[in-house]
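Content type compact mmCIF, C-alpha atoms, from the file final_15.txt:
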# COMPACT_ATOMS: atom_id res chain seq x y z
CA LEU A 1 -207.83 -13.84 257.54
CA GLU A 2 -207.26 -17.56 257.99
CA THR A 3 -206.18 -16.96 261.59
CA ARG A 4 -209.37 -15.03 262.26
CA VAL A 5 -211.44 -17.87 260.79
CA ARG A 6 -209.55 -20.41 262.90
CA ARG A 7 -210.25 -18.33 266.00
CA ALA A 8 -213.97 -18.12 265.17
CA LEU A 9 -214.10 -21.88 264.63
CA ARG A 10 -212.45 -22.51 268.00
CA GLN A 11 -215.03 -20.29 269.69
CA SER A 12 -217.93 -22.05 267.97
CA ALA A 13 -219.66 -25.29 268.93
CA LEU A 14 -218.38 -27.00 265.77
CA PRO A 15 -216.04 -29.98 266.04
CA ALA A 16 -212.39 -29.24 265.33
CA PRO A 17 -211.64 -29.30 261.60
CA THR A 18 -208.74 -30.91 259.80
CA LEU A 19 -206.38 -28.18 258.60
CA GLN A 20 -205.05 -28.00 255.03
CA PHE A 21 -206.95 -31.10 253.88
CA ASP A 22 -206.27 -32.41 250.37
CA VAL A 23 -209.30 -33.67 248.43
CA TYR A 24 -208.77 -36.18 245.64
CA ASP A 25 -210.90 -37.57 242.84
CA GLY A 26 -209.30 -40.98 242.64
CA GLU A 27 -205.63 -40.21 242.00
CA ARG A 28 -206.29 -36.63 240.82
CA HIS A 29 -205.78 -33.82 243.33
CA VAL A 30 -208.83 -31.55 243.36
CA THR A 31 -208.07 -28.93 246.02
CA ARG A 32 -206.59 -28.25 249.41
CA ALA A 33 -209.24 -27.01 251.81
CA ASP A 34 -208.07 -24.60 254.48
CA PHE A 35 -210.36 -26.40 256.93
CA ALA A 36 -212.30 -29.62 256.40
CA TRP A 37 -214.60 -32.07 258.06
CA PRO A 38 -213.92 -35.09 255.82
CA ALA A 39 -216.45 -37.38 257.51
CA HIS A 40 -219.15 -34.86 256.59
CA ARG A 41 -217.59 -33.96 253.22
CA VAL A 42 -217.42 -30.26 254.10
CA ALA A 43 -214.57 -28.07 252.90
CA LEU A 44 -214.12 -24.51 254.11
CA HIS A 45 -212.05 -22.18 251.95
CA VAL A 46 -210.75 -18.82 253.16
CA ASP A 47 -210.53 -16.55 250.12
CA SER A 48 -208.70 -13.30 250.56
CA TYR A 49 -208.69 -10.86 247.67
CA THR A 50 -204.88 -10.84 247.80
CA TRP A 51 -204.65 -14.53 246.82
CA HIS A 52 -207.92 -15.05 244.97
CA GLY A 53 -208.51 -11.69 243.29
CA ASN A 54 -207.15 -12.43 239.83
CA ARG A 55 -208.78 -14.06 236.81
CA LYS A 56 -206.60 -17.19 236.77
CA GLN A 57 -207.24 -17.99 240.44
CA PHE A 58 -210.91 -17.11 240.11
CA ASP A 59 -211.32 -19.64 237.29
CA LEU A 60 -209.29 -22.29 239.15
CA ASP A 61 -211.38 -21.81 242.31
CA ALA A 62 -214.61 -22.19 240.31
CA ALA A 63 -213.40 -25.40 238.65
CA GLN A 64 -212.28 -26.87 241.97
CA ARG A 65 -215.58 -26.09 243.66
CA SER A 66 -217.55 -27.57 240.77
CA THR A 67 -215.52 -30.76 241.13
CA LEU A 68 -216.12 -30.78 244.89
CA ALA A 69 -219.86 -30.56 244.25
CA LYS A 70 -219.63 -33.43 241.78
CA LEU A 71 -217.90 -35.46 244.50
CA ASP A 72 -220.71 -34.62 246.96
CA TRP A 73 -218.65 -32.21 249.03
CA GLN A 74 -220.13 -28.99 250.40
CA ALA A 75 -217.83 -26.01 249.90
CA ILE A 76 -218.10 -23.05 252.25
CA ILE A 77 -216.31 -19.88 251.23
CA VAL A 78 -215.30 -17.26 253.79
CA THR A 79 -214.02 -13.84 252.75
CA SER A 80 -213.19 -10.84 254.88
CA ARG A 81 -216.73 -9.55 254.31
CA THR A 82 -218.54 -12.81 255.07
CA LEU A 83 -216.38 -13.49 258.13
CA GLU A 84 -218.15 -10.80 260.13
CA SER A 85 -221.65 -12.06 259.31
CA LYS A 86 -221.17 -15.37 261.14
CA GLU A 87 -223.69 -16.94 258.69
CA TRP A 88 -220.95 -19.23 257.41
CA LEU A 89 -220.81 -20.82 260.89
CA GLU A 90 -224.45 -21.87 260.65
So that I can check it, write out the structure of this file as structure tokens.
Amino acid sequence: LETRVRRALRQSALPAPTLQFDVYDGERHVTRADFAWPAHRVALHVDSYTWHGNRKQFDLDAAQRSTLAKLDWQAIIVTSRTLESKEWLE
């Protein structure tokens, strides 16, 4: 899924993202974004059901994204279903 997202990003007009970008709140690690545009404070997460489909990961993802919002980052989530819509590229 991440490869498919990377391919779609390359084919888009968007600037190249930073891959596997770590976001910190001071010294505290918040999350690793699959793709990021740090200058714009945008983090793109690719969430497959295989890796994000359990309660523990679901809760962790929600906490991380709440912290990103608090730090004025925009989180974009792409799943296998949303990938096809192309809305996430807008």
Atom CA of A:Arg81 to atom CA of A:Val23, distance in Å rounded to a single decimal =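 Here the two named atoms are 25.9 Å from each other.
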Do you have the atom CA of A:Val30-atom CA of A:Asp47 distance handy?
->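 For atom CA of A:Val30 relative to atom CA of A:Asp47, the distance reads 16.5 Å.
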Among the residues A:Thr31, A:Ser80, A:Ser85, A:Ser66, the one that comes closest to A:Leu1 [using only C-alpha atoms] | A:Ser80
Tell me, in Å to one decimal, how far atom CA of A:Thr67 is from atom CA of A:Thr79.
->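 Result for atom CA of A:Thr67 versus atom CA of A:Thr79: 20.6 Å, one decimal.
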Near stretch 6-10 of chain A, within 9 Å and counting all atoms listed in the file, which residues show up once chain neighbours fewer than 6 positions away are dropped, as an MDAnalysis selection string?
-> chainID A and resid 16:17 35 83 86 89
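Considering the residues A:Ala33, A:Ala39, A:Leu71, A:Val46 and counting only C-alpha atoms, A:Pro15 has its shortest atom-to-atom contact with A:Ala39.
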Nearest to A:Ala43: which of A:Leu19, A:Val5, A:Leu14, A:Ala62 is it, counting only C-alpha atoms?
->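 Closest to A:Ala43, using only C-alpha atoms: A:Leu19.
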Which of these, A:Gln74, A:Gln57, A:Ser12, A:Gln20, has the shortest distance to A:His40 once you count all atoms listed in the file?
-> A:Gln74
Pick from A:Asp25, A:Asp59, A:Glu2, A:Glu84 nearest to A:Leu44, counting all atoms listed in the file =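 Smallest distance to A:Leu44 is found for A:Glu2.
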Closest of A:Gln11, A:Ala69, A:Gln64, A:Thr82 to A:His29 - atom-to-atom distances counting all atoms listed in the file |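 Closest candidate: A:Gln64.
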Given 5 Å on each side, where is the centre and what are the edge lengths in Å to one decimal of the axis-aligned box enclosing the listed atoms of stretch 63-68 of chain A, as AutoDock Vina command-line options?
--center_x -214.9 --center_y -28.1 --center_z 241.8 --size_x 15.3 --size_y 15.4 --size_z 16.2
